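Pasted below: entry_4.cif, mmCIF, C-alpha atoms and all ligand atoms.
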data_data
loop_
_atom_site.label_atom_id
_atom_site.label_comp_id
_atom_site.auth_asym_id
_atom_site.auth_seq_id
_atom_site.Cartn_x
_atom_site.Cartn_y
_atom_site.Cartn_z
CA MET N 8 12.47 14.79 -38.86
CA ASN N 9 13.92 15.45 -35.41
CA ASN N 10 16.44 13.03 -34.01
CA ASN N 11 15.99 13.52 -30.26
CA PRO N 12 16.57 10.38 -28.20
CA ILE N 13 13.41 8.43 -27.42
CA TYR N 14 13.75 6.21 -24.37
CA VAL N 15 11.67 3.15 -23.54
CA THR N 16 9.93 5.14 -20.83
CA SER N 17 9.72 8.59 -19.32
CA PRO N 18 8.11 9.28 -15.95
CA MET N 19 4.69 10.78 -15.34
CA MET N 20 5.27 13.82 -13.13
CA PRO N 21 2.85 16.10 -11.27
CA SER N 22 2.69 19.83 -11.90
CA LEU N 23 5.59 21.53 -10.14
CA ASP N 24 3.28 24.27 -8.80
CA GLU N 25 0.93 21.78 -7.18
CA PHE N 26 3.84 19.84 -5.74
CA HIS N 27 5.28 23.05 -4.37
CA THR N 28 2.03 23.78 -2.53
CA LEU N 29 2.18 20.36 -0.83
CA LEU N 30 5.87 20.83 -0.03
CA GLU N 31 5.00 24.06 1.76
CA GLU N 32 2.57 22.11 3.96
CA ILE N 33 5.28 19.56 4.73
CA TRP N 34 7.78 22.32 5.55
CA LYS N 35 5.26 23.89 7.94
CA SER N 36 4.34 20.63 9.66
CA LYS N 37 7.96 19.37 9.88
CA THR N 38 6.57 15.85 9.63
CA LEU N 39 8.81 14.12 7.11
CA THR N 40 8.07 10.44 7.66
CA ASN N 41 6.70 7.82 10.13
CA ASN N 42 3.14 7.43 8.88
CA GLY N 43 2.36 11.12 8.49
CA ASN N 44 -0.75 12.67 6.96
CA PHE N 45 0.30 12.32 3.33
CA HIS N 46 1.33 8.70 3.86
CA GLN N 47 -2.07 7.92 5.40
CA LEU N 48 -3.90 9.83 2.71
CA LEU N 49 -2.05 8.08 -0.12
CA GLU N 50 -2.86 4.69 1.45
CA SER N 51 -6.57 5.50 1.62
CA GLU N 52 -6.68 7.04 -1.86
CA LEU N 53 -4.90 4.01 -3.34
CA CYS N 54 -7.36 1.64 -1.62
CA LYS N 55 -10.22 3.60 -3.19
CA TYR N 56 -8.63 3.79 -6.63
CA LEU N 57 -7.57 0.14 -6.74
CA ASN N 58 -10.73 -1.05 -4.97
CA ILE N 59 -8.81 -3.05 -2.37
CA PRO N 60 -9.33 -3.14 1.42
CA TYR N 61 -5.73 -2.69 2.65
CA ILE N 62 -2.38 -1.46 1.41
CA SER N 63 0.94 -0.70 3.08
CA LEU N 64 3.32 1.75 1.40
CA PHE N 65 7.03 1.00 1.03
CA THR N 66 10.12 2.90 0.04
CA ASN N 67 10.59 0.83 -3.15
CA GLY N 68 9.18 -2.25 -4.89
CA THR N 69 11.81 -4.77 -3.81
CA LEU N 70 11.42 -4.52 -0.03
CA PRO N 71 7.70 -5.47 -0.24
CA LEU N 72 8.74 -8.74 -1.93
CA ILE N 73 11.33 -9.44 0.76
CA THR N 74 8.92 -8.43 3.54
CA ALA N 75 6.00 -10.49 2.18
CA LEU N 76 8.18 -13.62 2.28
CA GLN N 77 9.10 -12.78 5.90
CA ALA N 78 5.51 -12.09 6.91
CA LEU N 79 4.26 -15.38 5.49
CA HIS N 80 7.23 -17.34 6.95
CA ILE N 81 8.20 -18.73 3.57
CA THR N 82 11.17 -21.13 3.63
CA GLY N 83 12.66 -23.95 1.56
CA GLU N 84 11.78 -23.74 -2.13
CA VAL N 85 9.55 -21.34 -4.03
CA ILE N 86 8.31 -21.81 -7.57
CA THR N 87 8.78 -18.73 -9.69
CA THR N 88 9.26 -17.40 -13.22
CA PRO N 89 12.61 -16.66 -14.87
CA PHE N 90 10.91 -14.12 -17.17
CA SER N 91 10.84 -11.07 -14.92
CA PHE N 92 12.96 -8.30 -13.48
CA VAL N 93 15.76 -9.71 -11.27
CA ALA N 94 14.24 -8.33 -8.07
CA THR N 95 11.61 -11.10 -8.06
CA THR N 96 14.21 -13.84 -7.59
CA HIS N 97 16.61 -11.70 -5.55
CA ALA N 98 13.87 -11.37 -2.90
CA LEU N 99 13.92 -15.17 -2.49
CA TRP N 100 17.70 -15.21 -2.29
CA TRP N 101 17.73 -12.53 0.40
CA ASN N 102 15.44 -14.77 2.46
CA GLY N 103 17.64 -17.85 2.02
CA ILE N 104 14.97 -19.48 -0.14
CA LYS N 105 15.83 -21.63 -3.17
CA PRO N 106 14.16 -20.40 -6.34
CA VAL N 107 12.74 -23.12 -8.57
CA PHE N 108 12.18 -21.82 -12.10
CA VAL N 109 9.21 -23.06 -14.08
CA ASP N 110 8.64 -22.23 -17.74
CA ILE N 111 6.18 -19.61 -19.00
CA GLU N 112 3.43 -19.90 -21.59
CA PRO N 113 3.59 -17.82 -24.78
CA VAL N 114 0.12 -16.22 -24.68
CA THR N 115 0.90 -13.95 -21.69
CA CYS N 116 4.58 -14.75 -20.90
CA ASN N 117 3.42 -15.66 -17.37
CA LEU N 118 4.24 -18.80 -15.34
CA ASP N 119 2.67 -21.80 -17.12
CA PRO N 120 0.21 -23.23 -14.57
CA ASP N 121 0.30 -26.63 -16.28
CA LYS N 122 4.01 -26.97 -15.49
CA ILE N 123 3.89 -25.97 -11.81
CA GLU N 124 2.87 -29.30 -10.25
CA ALA N 125 5.83 -31.19 -11.71
CA ALA N 126 8.19 -28.78 -9.89
CA ILE N 127 6.62 -29.17 -6.43
CA THR N 128 8.70 -31.07 -3.84
CA SER N 129 8.33 -31.70 -0.11
CA ARG N 130 10.29 -28.47 0.45
CA THR N 131 8.02 -26.24 -1.65
CA THR N 132 6.18 -23.65 0.46
CA ALA N 133 4.96 -21.05 -2.03
CA ILE N 134 4.44 -19.96 -5.61
CA MET N 135 5.66 -16.51 -6.65
CA PRO N 136 4.24 -15.61 -10.09
CA VAL N 137 4.55 -12.25 -11.85
CA HIS N 138 1.80 -10.55 -13.88
CA VAL N 139 4.43 -9.72 -16.44
CA TYR N 140 3.80 -6.59 -18.60
CA GLY N 141 0.53 -6.31 -16.65
CA ASN N 142 -0.85 -9.47 -18.29
CA PRO N 143 -2.91 -11.22 -15.63
CA CYS N 144 -1.74 -14.68 -14.55
CA ASP N 145 -4.18 -17.60 -14.59
CA ILE N 146 -5.09 -16.90 -10.97
CA THR N 147 -7.79 -19.61 -10.82
CA LYS N 148 -5.49 -22.45 -11.88
CA ILE N 149 -2.64 -21.20 -9.70
CA GLN N 150 -4.92 -20.98 -6.64
CA ALA N 151 -6.24 -24.51 -7.26
CA ILE N 152 -2.68 -25.88 -7.22
CA ALA N 153 -1.80 -23.82 -4.13
CA ASP N 154 -4.88 -25.15 -2.31
CA LYS N 155 -4.15 -28.75 -3.29
CA TYR N 156 -0.56 -28.61 -1.96
CA ASN N 157 -1.16 -26.09 0.84
CA LEU N 158 1.14 -23.44 -0.65
CA LYS N 159 1.08 -19.66 -0.28
CA VAL N 160 0.83 -17.45 -3.38
CA ILE N 161 2.72 -14.16 -3.53
CA TYR N 162 2.06 -12.17 -6.69
CA ASP N 163 4.71 -9.77 -7.93
CA ALA N 164 2.25 -7.24 -9.36
CA ALA N 165 4.90 -4.58 -10.06
CA HIS N 166 3.54 -4.25 -13.62
CA ALA N 167 -0.14 -4.65 -12.78
CA PHE N 168 -1.19 -1.38 -11.14
CA GLY N 169 -4.90 -0.89 -11.89
CA VAL N 170 -5.31 -4.11 -13.92
CA LYS N 171 -8.75 -5.73 -13.55
CA VAL N 172 -10.21 -9.06 -14.60
CA ASN N 173 -13.99 -9.13 -15.01
CA GLY N 174 -14.14 -5.86 -13.10
CA GLU N 175 -12.16 -7.20 -10.10
CA SER N 176 -8.71 -5.90 -9.16
CA ILE N 177 -6.02 -8.49 -9.97
CA LEU N 178 -4.47 -7.45 -6.64
CA LYS N 179 -7.16 -9.45 -4.83
CA ALA N 180 -5.60 -12.73 -6.00
CA GLY N 181 -3.31 -14.89 -3.88
CA ASP N 182 -2.26 -14.33 -0.27
CA ILE N 183 -0.53 -11.02 -0.94
CA SER N 184 0.52 -8.86 -3.90
CA THR N 185 3.42 -6.48 -4.29
CA LEU N 186 3.58 -3.23 -6.26
CA SER N 187 6.42 -1.03 -7.45
CA PHE N 188 6.05 2.73 -7.82
CA HIS N 189 9.49 3.21 -9.36
CA ALA N 190 9.88 6.12 -11.79
CA THR N 191 9.70 3.69 -14.75
CA LYS N 192 6.32 2.23 -13.73
CA VAL N 193 2.80 3.26 -14.80
CA PHE N 194 2.16 4.91 -11.42
CA ASN N 195 5.26 6.32 -9.74
CA THR N 196 6.26 7.98 -6.48
CA ILE N 197 9.87 8.42 -7.77
CA GLU N 198 10.94 5.34 -5.79
CA GLY N 199 8.23 3.47 -3.94
CA GLY N 200 6.15 0.36 -3.65
CA ALA N 201 3.47 -1.39 -1.63
CA LEU N 202 2.03 -4.61 -0.30
CA VAL N 203 -1.64 -5.36 -0.86
CA MET N 204 -3.26 -7.67 1.67
CA HIS N 205 -6.78 -8.94 2.40
CA ASP N 206 -7.16 -8.56 6.19
CA ILE N 207 -6.39 -6.08 8.94
CA GLN N 208 -4.17 -8.52 10.89
CA THR N 209 -1.80 -8.88 7.94
CA LYS N 210 -1.87 -5.12 7.38
CA LYS N 211 -0.83 -4.56 11.03
CA GLN N 212 1.88 -7.19 10.84
CA ILE N 213 3.30 -5.66 7.64
CA ASP N 214 3.17 -2.14 9.11
CA TYR N 215 5.25 -3.41 12.06
CA LEU N 216 7.69 -5.21 9.78
CA LYS N 217 8.39 -2.13 7.67
CA ASN N 218 9.15 -0.14 10.82
CA PHE N 219 11.74 -2.28 12.67
CA GLY N 220 8.97 -4.40 14.25
CA PHE N 221 7.83 -1.58 16.56
CA ALA N 222 4.25 -2.03 17.80
CA ASP N 223 4.60 0.91 20.19
CA GLU N 224 7.36 2.96 21.80
CA THR N 225 8.78 0.10 23.82
CA THR N 226 7.46 -3.04 22.11
CA VAL N 227 9.24 -4.77 19.26
CA VAL N 228 7.11 -7.67 18.03
CA ALA N 229 9.31 -8.93 15.18
CA PRO N 230 12.73 -8.42 13.61
CA GLY N 231 11.52 -5.80 11.15
CA ILE N 232 13.29 -3.73 8.57
CA ASN N 233 13.01 -0.04 7.71
CA SER N 234 11.15 0.52 4.47
CA LYS N 235 8.63 3.26 5.17
CA MET N 236 7.63 5.73 2.46
CA ASP N 237 8.30 9.36 3.40
CA GLU N 238 5.90 12.32 3.29
CA ILE N 239 7.45 14.00 0.26
CA ARG N 240 7.06 11.01 -1.99
CA SER N 241 3.59 10.30 -0.56
CA ALA N 242 2.54 13.83 -1.53
CA TYR N 243 4.07 13.41 -4.99
CA GLY N 244 2.15 10.12 -5.33
CA LEU N 245 -1.15 11.77 -4.37
CA LEU N 246 -0.72 14.25 -7.21
CA ASN N 247 0.24 11.56 -9.71
CA LEU N 248 -2.79 9.49 -8.72
CA ARG N 249 -5.02 12.33 -9.95
CA GLN N 250 -3.67 11.93 -13.48
CA ILE N 251 -3.32 8.15 -13.66
CA ASP N 252 -6.59 7.50 -15.55
CA ALA N 253 -5.70 10.05 -18.21
CA ALA N 254 -2.20 8.58 -18.47
CA ILE N 255 -3.49 5.03 -18.95
CA GLU N 256 -5.92 6.28 -21.61
CA GLN N 257 -3.03 7.95 -23.48
CA ARG N 258 -1.01 4.74 -23.24
CA ARG N 259 -3.96 2.79 -24.64
CA LYS N 260 -4.13 5.09 -27.66
CA ILE N 261 -0.40 4.76 -28.33
CA VAL N 262 -0.56 0.95 -28.07
CA ASN N 263 -3.46 0.95 -30.56
CA LEU N 264 -1.41 3.10 -32.96
CA TYR N 265 1.48 0.63 -32.73
CA LYS N 266 -0.83 -2.36 -33.21
CA GLU N 267 -2.62 -0.84 -36.18
CA GLU N 268 0.66 -0.30 -38.05
CA LEU N 269 2.46 -3.48 -36.98
CA LYS N 270 -0.34 -6.02 -37.44
CA SER N 271 0.41 -6.37 -41.15
CA ILE N 272 4.17 -6.75 -40.69
CA GLN N 273 5.26 -10.34 -41.24
CA GLY N 274 7.54 -11.65 -38.50
CA ILE N 275 6.41 -9.23 -35.78
CA SER N 276 3.87 -10.36 -33.20
CA PHE N 277 2.42 -8.85 -30.06
CA PHE N 278 -0.12 -9.76 -27.38
CA ASN N 279 -3.80 -9.61 -28.23
CA ASN N 280 -6.09 -8.27 -25.54
CA MET N 281 -7.89 -11.01 -23.62
CA PRO N 282 -11.63 -10.61 -23.06
CA GLY N 283 -12.68 -9.27 -19.65
CA VAL N 284 -9.31 -7.65 -18.86
CA ASP N 285 -8.82 -3.93 -18.16
CA TYR N 286 -5.17 -3.38 -19.04
CA ASN N 287 -2.86 -0.62 -17.80
CA TYR N 288 -0.75 -0.58 -21.01
CA SER N 289 2.43 -0.55 -18.95
CA TYR N 290 4.64 -2.04 -21.69
CA PHE N 291 4.43 -2.75 -25.39
CA PRO N 292 6.57 -5.81 -26.13
CA ILE N 293 6.93 -7.06 -29.70
CA PHE N 294 8.39 -10.43 -30.64
CA ILE N 295 10.60 -10.86 -33.69
CA ASP N 296 10.62 -14.02 -35.79
CA LYS N 297 14.01 -13.56 -37.45
CA GLU N 298 13.36 -15.93 -40.37
CA VAL N 299 10.13 -14.23 -41.38
CA PHE N 300 11.07 -10.66 -40.46
CA GLY N 301 14.44 -11.04 -42.17
CA MET N 302 16.38 -9.51 -39.30
CA THR N 303 17.28 -10.71 -35.82
CA ARG N 304 15.89 -9.10 -32.69
CA ASP N 305 19.34 -7.79 -31.81
CA ALA N 306 19.86 -6.34 -35.29
CA LEU N 307 16.55 -4.47 -35.01
CA TYR N 308 17.45 -3.33 -31.49
CA GLU N 309 20.79 -1.95 -32.80
CA LYS N 310 19.13 -0.35 -35.81
CA MET N 311 16.71 1.46 -33.50
CA LYS N 312 19.59 2.55 -31.29
CA SER N 313 21.48 3.93 -34.29
CA MET N 314 18.44 6.13 -34.92
CA ASN N 315 18.37 7.29 -31.29
CA ILE N 316 15.41 5.06 -30.35
CA PHE N 317 16.06 3.10 -27.19
CA GLY N 318 13.84 0.05 -26.87
CA ARG N 319 14.64 -2.45 -24.10
CA ARG N 320 14.96 -6.21 -24.31
CA TYR N 321 12.74 -6.91 -21.26
CA PHE N 322 13.29 -9.65 -20.13
CA TYR N 323 16.63 -10.68 -21.54
CA PRO N 324 18.70 -12.32 -20.23
CA LEU N 325 16.39 -14.57 -18.22
CA ILE N 326 16.94 -14.33 -14.45
CA SER N 327 18.00 -17.98 -14.55
CA ASN N 328 20.95 -16.98 -16.75
CA PHE N 329 22.48 -14.56 -14.27
CA SER N 330 25.57 -15.92 -12.51
CA THR N 331 23.88 -16.21 -9.09
CA TYR N 332 21.20 -18.56 -10.43
CA ARG N 333 22.81 -20.24 -13.43
CA GLY N 334 23.95 -23.25 -11.40
CA LEU N 335 20.46 -24.24 -10.25
CA GLU N 336 19.03 -27.38 -11.82
CA SER N 337 15.84 -25.55 -12.84
CA SER N 338 17.92 -22.90 -14.66
CA ASN N 339 18.79 -25.32 -17.45
CA PRO N 340 17.46 -23.81 -20.70
CA LYS N 341 16.04 -27.26 -21.53
CA ASN N 342 13.67 -26.73 -18.59
CA LEU N 343 12.71 -23.27 -19.91
CA PRO N 344 12.25 -23.49 -23.70
CA VAL N 345 9.40 -20.98 -23.99
CA ALA N 346 11.03 -18.42 -21.68
CA THR N 347 14.32 -18.81 -23.56
CA HIS N 348 12.62 -18.26 -26.91
CA MET N 349 10.63 -15.23 -25.72
CA ALA N 350 13.69 -13.66 -24.08
CA GLU N 351 15.59 -13.99 -27.35
CA SER N 352 12.87 -12.44 -29.50
CA VAL N 353 11.45 -9.58 -27.40
CA ILE N 354 11.85 -5.82 -27.63
CA CYS N 355 9.73 -3.42 -25.59
CA LEU N 356 8.98 -0.34 -27.66
CA PRO N 357 8.97 3.13 -26.08
CA LEU N 358 5.69 3.74 -24.25
CA TYR N 359 4.66 6.53 -21.91
CA SER N 360 1.67 8.81 -21.63
CA HIS N 361 3.38 11.88 -23.16
CA LEU N 362 4.99 10.02 -26.09
CA SER N 363 3.99 12.10 -29.11
CA THR N 364 2.29 10.75 -32.22
CA GLN N 365 5.25 12.06 -34.27
CA ASP N 366 7.65 10.02 -32.13
CA VAL N 367 5.46 6.92 -32.53
CA GLU N 368 5.58 7.46 -36.30
CA ARG N 369 9.37 7.81 -36.15
CA ILE N 370 9.65 4.52 -34.23
CA LEU N 371 7.32 2.73 -36.65
CA THR N 372 9.18 4.06 -39.68
CA CYS N 373 12.45 2.79 -38.22
CA ILE N 374 11.00 -0.69 -37.64
CA ILE N 375 9.13 -1.03 -40.91
CA SER N 376 11.52 0.54 -43.42
C1 LIG N 401 10.32 -2.84 -10.99
C2 LIG N 401 10.12 -4.23 -10.55
C3 LIG N 401 10.41 -4.67 -9.25
C4 LIG N 401 11.19 -3.86 -8.26
O1 LIG N 401 10.73 -2.64 -8.02
P1 LIG N 401 11.68 -1.45 -7.49
O2 LIG N 401 10.65 -0.45 -7.10
O3 LIG N 401 12.52 -1.02 -8.64
O4 LIG N 401 12.46 -1.95 -6.35
C5 LIG N 401 10.05 -5.95 -8.88
N1 LIG N 401 9.50 -6.79 -9.76
C6 LIG N 401 9.25 -6.44 -11.03
C7 LIG N 401 8.62 -7.44 -11.93
C8 LIG N 401 9.57 -5.16 -11.48
O5 LIG N 401 9.37 -4.83 -12.76
#
Would you put the structure from the file into structure tokens?
Amino acid sequence: MNNNPIYVTSPMMPSLDEFHTLLEEIWKSKTLTNNGNFHQLLESELCKYLNIPYISLFTNGTLPLITALQALHITGEVITTPFSFVATTHALWWNGIKPVFVDIEPVTCNLDPDKIEAAITSRTTAIMPVHVYGNPCDITKIQAIADKYNLKVIYDAAHAFGVKVNGESILKAGDISTLSFHATKVFNTIEGGALVMHDIQTKKQIDYLKNFGFADETTVVAPGINSKMDEIRSAYGLLNLRQIDAAIEQRRKIVNLYKEELKSIQGISFFNNMPGVDYNYSYFPIFIDKEVFGMTRDALYEKMKSMNIFGRRYFYPLISNFSTYRGLESSNPKNLPVATHMAESVICLPLYSHLSTQDVERILTCIIS
């Protein structure tokens, strides 16, 4: 059996020949950025693919979070999840907002809607949930709470590209949603990201904010930042968009292979698909019960590593355990028992569209034997 390293992910890339053809166009036009043709085309193609009215492309997936908070004038305290990538909470910090961590529920690992109300204070202005692993949040319950307390809802949908609930894009939920097109994500533009909004006014406002606040040559309407996507990565994204459906289908098959083999293994659990959800199969997390499985999560992680298989413990440590946030009252592990437990038992197994069946078998053999 070969012993090549298998990483948790590997990027989907367009054909080099096709990319070269688009690069030649860019070289001819000498338009490299500032809302060029490829940027506009990628925005319209993404709106069509995702079935959303408006999108604004960004240079990565963190600046959309920071910019969304600016656009919606969020201040004070924001309720969020500790079970995510650090960028979610860092975006609050960069806006001088106090994160208030609320525990997750075990069925999806998303913010537990039944625990949100108890964390609301007179300073709370918004809820920032994450559709973690692409599992949709309980958007109905979260919206009901937001409406009751007059709060904004900003979804970090970095994992949820293409996810639908009852045929509707999950990106239609809340006031605004953010996407990441980083190389490790289901759909990538190398680095990149986007904001998804519901009306043209917000789209215009966001487009100003990502370009220094310029409305025209001499008018600056807001203290904006620079986070525009360039033409080269827009062109790369257009090519990747053509193969996204095939890639998601491959991911689905690999996840089904994993599930078929692991469902009979005592002490390993994974998420079951919920009815009505179209998943994007962005991650395949498994959860280890050390007593039943007879090995700790970390021991399994190390065993895999020793066989050149690099799973990742997403999301461990919890964001609330990083030094910047550890001192917050809501960071106390007693406030976050489910998140703490999940973070200590999770491993994401390698998953990408071109992961071979042989490699899946090698990973399964390592886990099971
Ligand atoms: C990847 C990711 C981000 C940040 O995206 P970048 O494109 O890497 O800046 C934000 N939130 C979550 C949940 C992510 O996984």
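In this comparison, which uses all atoms listed in the file, the residue of N:Ser327, N:Thr87, N:Thr191, N:Thr132 approaching ligand LIG 401 (chain N) most closely is N:Thr191.
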Between N:Asp154, N:Glu25, N:Asp214, N:Asp252, which is the closest to Ser360 in chain N once you count all atoms listed in the file?
N:Asp252
Which residue gives the smallest distance to Tyr321 in chain N among N:Phe92, N:Tyr162, N:Tyr359, N:Phe219, with only C-alpha atoms counted?
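Of N:Phe92, N:Tyr162, N:Tyr359, N:Phe219, the one nearest Tyr321 in chain N is N:Phe92, counting only C-alpha atoms.
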Counting all atoms listed in the file, which protein, DNA or RNA residues come within 10 Å of ligand LIG 401 (chain N), given as a PDB file with C-alpha atoms, in the frame of the given file?
ATOM      1  CA  PHE N  65       7.030   1.000   1.030  1.00  0.00           C
ATOM      2  CA  THR N  66      10.120   2.900   0.040  1.00  0.00           C
ATOM      3  CA  ASN N  67      10.590   0.830  -3.150  1.00  0.00           C
ATOM      4  CA  GLY N  68       9.180  -2.250  -4.890  1.00  0.00           C
ATOM      5  CA  THR N  69      11.810  -4.770  -3.810  1.00  0.00           C
ATOM      6  CA  LEU N  70      11.420  -4.520  -0.030  1.00  0.00           C
ATOM      7  CA  PRO N  71       7.700  -5.470  -0.240  1.00  0.00           C
ATOM      8  CA  LEU N  72       8.740  -8.740  -1.930  1.00  0.00           C
ATOM      9  CA  PHE N  90      10.910 -14.120 -17.170  1.00  0.00           C
ATOM     10  CA  SER N  91      10.840 -11.070 -14.920  1.00  0.00           C
ATOM     11  CA  PHE N  92      12.960  -8.300 -13.480  1.00  0.00           C
ATOM     12  CA  VAL N  93      15.760  -9.710 -11.270  1.00  0.00           C
ATOM     13  CA  ALA N  94      14.240  -8.330  -8.070  1.00  0.00           C
ATOM     14  CA  THR N  95      11.610 -11.100  -8.060  1.00  0.00           C
ATOM     15  CA  THR N  96      14.210 -13.840  -7.590  1.00  0.00           C
ATOM     16  CA  HIS N  97      16.610 -11.700  -5.550  1.00  0.00           C
ATOM     17  CA  ALA N  98      13.870 -11.370  -2.900  1.00  0.00           C
ATOM     18  CA  PRO N 136       4.240 -15.610 -10.090  1.00  0.00           C
ATOM     19  CA  VAL N 137       4.550 -12.250 -11.850  1.00  0.00           C
ATOM     20  CA  HIS N 138       1.800 -10.550 -13.880  1.00  0.00           C
ATOM     21  CA  VAL N 139       4.430  -9.720 -16.440  1.00  0.00           C
ATOM     22  CA  TYR N 140       3.800  -6.590 -18.600  1.00  0.00           C
ATOM     23  CA  GLY N 141       0.530  -6.310 -16.650  1.00  0.00           C
ATOM     24  CA  TYR N 162       2.060 -12.170  -6.690  1.00  0.00           C
ATOM     25  CA  ASP N 163       4.710  -9.770  -7.930  1.00  0.00           C
ATOM     26  CA  ALA N 164       2.250  -7.240  -9.360  1.00  0.00           C
ATOM     27  CA  ALA N 165       4.900  -4.580 -10.060  1.00  0.00           C
ATOM     28  CA  HIS N 166       3.540  -4.250 -13.620  1.00  0.00           C
ATOM     29  CA  ALA N 167      -0.140  -4.650 -12.780  1.00  0.00           C
ATOM     30  CA  THR N 185       3.420  -6.480  -4.290  1.00  0.00           C
ATOM     31  CA  LEU N 186       3.580  -3.230  -6.260  1.00  0.00           C
ATOM     32  CA  SER N 187       6.420  -1.030  -7.450  1.00  0.00           C
ATOM     33  CA  PHE N 188       6.050   2.730  -7.820  1.00  0.00           C
ATOM     34  CA  HIS N 189       9.490   3.210  -9.360  1.00  0.00           C
ATOM     35  CA  ALA N 190       9.880   6.120 -11.790  1.00  0.00           C
ATOM     36  CA  THR N 191       9.700   3.690 -14.750  1.00  0.00           C
ATOM     37  CA  LYS N 192       6.320   2.230 -13.730  1.00  0.00           C
ATOM     38  CA  ASN N 195       5.260   6.320  -9.740  1.00  0.00           C
ATOM     39  CA  THR N 196       6.260   7.980  -6.480  1.00  0.00           C
ATOM     40  CA  ILE N 197       9.870   8.420  -7.770  1.00  0.00           C
ATOM     41  CA  GLU N 198      10.940   5.340  -5.790  1.00  0.00           C
ATOM     42  CA  GLY N 199       8.230   3.470  -3.940  1.00  0.00           C
ATOM     43  CA  GLY N 200       6.150   0.360  -3.650  1.00  0.00           C
ATOM     44  CA  ALA N 201       3.470  -1.390  -1.630  1.00  0.00           C
ATOM     45  CA  TYR N 321      12.740  -6.910 -21.260  1.00  0.00           C
ATOM     46  CA  PHE N 322      13.290  -9.650 -20.130  1.00  0.00           C
TER      47      PHE N 322
END
Counting only C-alpha atoms, the option among N:Leu325, N:Leu248, N:Leu356, N:Ile316 closest to Asn9 in chain N
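Residue with the minimum atom-to-atom distance to Asn9 in chain N: N:Ile316.
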Compare N:Lys105, N:Arg333, N:Arg259, N:Lys270 by their minimum atom-to-atom distance to Val193 in chain N, counting all atoms listed in the file, and give me the closest one.
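Of all the options, N:Arg259 lies closest to Val193 in chain N.
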Would you mind listing what lies within 10 Å of Lys312 in chain N as a PyMOL selection string, with all atoms listed in the file counted and same-chain residues fewer than 3 positions away left out?
chain N and resi 12-14+306-309+315-318+373
So what do you get for CA of Phe26 in chain N versus CA of Gly169 in chain N, distance-wise?
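Computing it gives 23.3 Å between the two atoms.
Separating CA of Leu29 in chain N from CA of Leu246 in chain N is a distance of 9.3 Å.
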How would you write as number ranges by chain the residues that get within 10 Å of (7.6, -24.0, -4.4) in the file's frame, counting only C-alpha atoms?
N: 81-87, 104-109, 123-124, 126-135, 153, 156, 158-160
Calculate how many Å separate CA of Ala229 in chain N from CA of Leu53 in chain N, rounding to one decimal.
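If I compute the distance from CA of Ala229 in chain N to CA of Leu53 in chain N, I get 26.7 Å.
Considering only C-alpha atoms, the residue among N:Thr331, N:Ser51, N:Asn117, N:Asn173 positioned nearest to Ile149 in chain N is N:Asn117.
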Mind checking which residues fall within 8 Å of range 264-267 of chain N, counting only C-alpha atoms, ignoring those fewer than 3 positions away in the same chain, and posting them as a list in words?
Lys260, Ile261, Lys270, Phe277, Val367 and Leu371 of chain N
Around all the atoms of range 317-323 of chain N listed in the file, draw an axis-aligned box and extend it by 8 Å on each of the six sides; I want its centre and edge lengths in Å to one decimal, as AutoDock Vina command-line options.
--center_x 14.7 --center_y -3.8 --center_z -23.7 --size_x 19.9 --size_y 29.8 --size_z 23.1
Can you tell me which residues surround Lys211 in chain N at a distance of at most 12 Å, considering all atoms listed in the file, apart from same-chain residues fewer than 3 positions away, and format the answer as a list in words?
Tyr61, Ile62, Ser63, Ala78, Leu202, Val203, Met204, His205, Asp206, Ile207, Gln208, Asp214, Tyr215, Leu216, Lys217, Asn218, Gly220, Phe221, Ala222, Asp223, Val228 and Ala229 of chain N
May I ask you to restore N, CA, C and O atoms in range 362-367 of chain N and write the result as a PDB file, keeping the file's coordinate frame?
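Result file is part.pdb:
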ATOM      1  N   LEU N 362       4.298  10.343 -24.825  1.00  0.00           N
ATOM      2  CA  LEU N 362       4.990  10.020 -26.090  1.00  0.00           C
ATOM      3  C   LEU N 362       4.151  10.595 -27.238  1.00  0.00           C
ATOM      4  O   LEU N 362       2.959  10.294 -27.356  1.00  0.00           O
ATOM      5  N   SER N 363       4.774  11.410 -28.079  1.00  0.00           N
ATOM      6  CA  SER N 363       3.990  12.100 -29.110  1.00  0.00           C
ATOM      7  C   SER N 363       3.697  11.193 -30.298  1.00  0.00           C
ATOM      8  O   SER N 363       4.431  10.230 -30.550  1.00  0.00           O
ATOM      9  N   THR N 364       2.646  11.518 -31.023  1.00  0.00           N
ATOM     10  CA  THR N 364       2.290  10.750 -32.220  1.00  0.00           C
ATOM     11  C   THR N 364       3.437  10.789 -33.232  1.00  0.00           C
ATOM     12  O   THR N 364       3.725   9.795 -33.889  1.00  0.00           O
ATOM     13  N   GLN N 365       4.110  11.944 -33.356  1.00  0.00           N
ATOM     14  CA  GLN N 365       5.250  12.060 -34.270  1.00  0.00           C
ATOM     15  C   GLN N 365       6.353  11.072 -33.879  1.00  0.00           C
ATOM     16  O   GLN N 365       6.961  10.446 -34.742  1.00  0.00           O
ATOM     17  N   ASP N 366       6.614  10.953 -32.576  1.00  0.00           N
ATOM     18  CA  ASP N 366       7.650  10.020 -32.130  1.00  0.00           C
ATOM     19  C   ASP N 366       7.224   8.574 -32.404  1.00  0.00           C
ATOM     20  O   ASP N 366       8.048   7.738 -32.781  1.00  0.00           O
ATOM     21  N   VAL N 367       5.945   8.272 -32.211  1.00  0.00           N
ATOM     22  CA  VAL N 367       5.460   6.920 -32.530  1.00  0.00           C
ATOM     23  C   VAL N 367       5.676   6.643 -34.007  1.00  0.00           C
ATOM     24  O   VAL N 367       6.159   5.567 -34.391  1.00  0.00           O
TER      25      VAL N 367
END
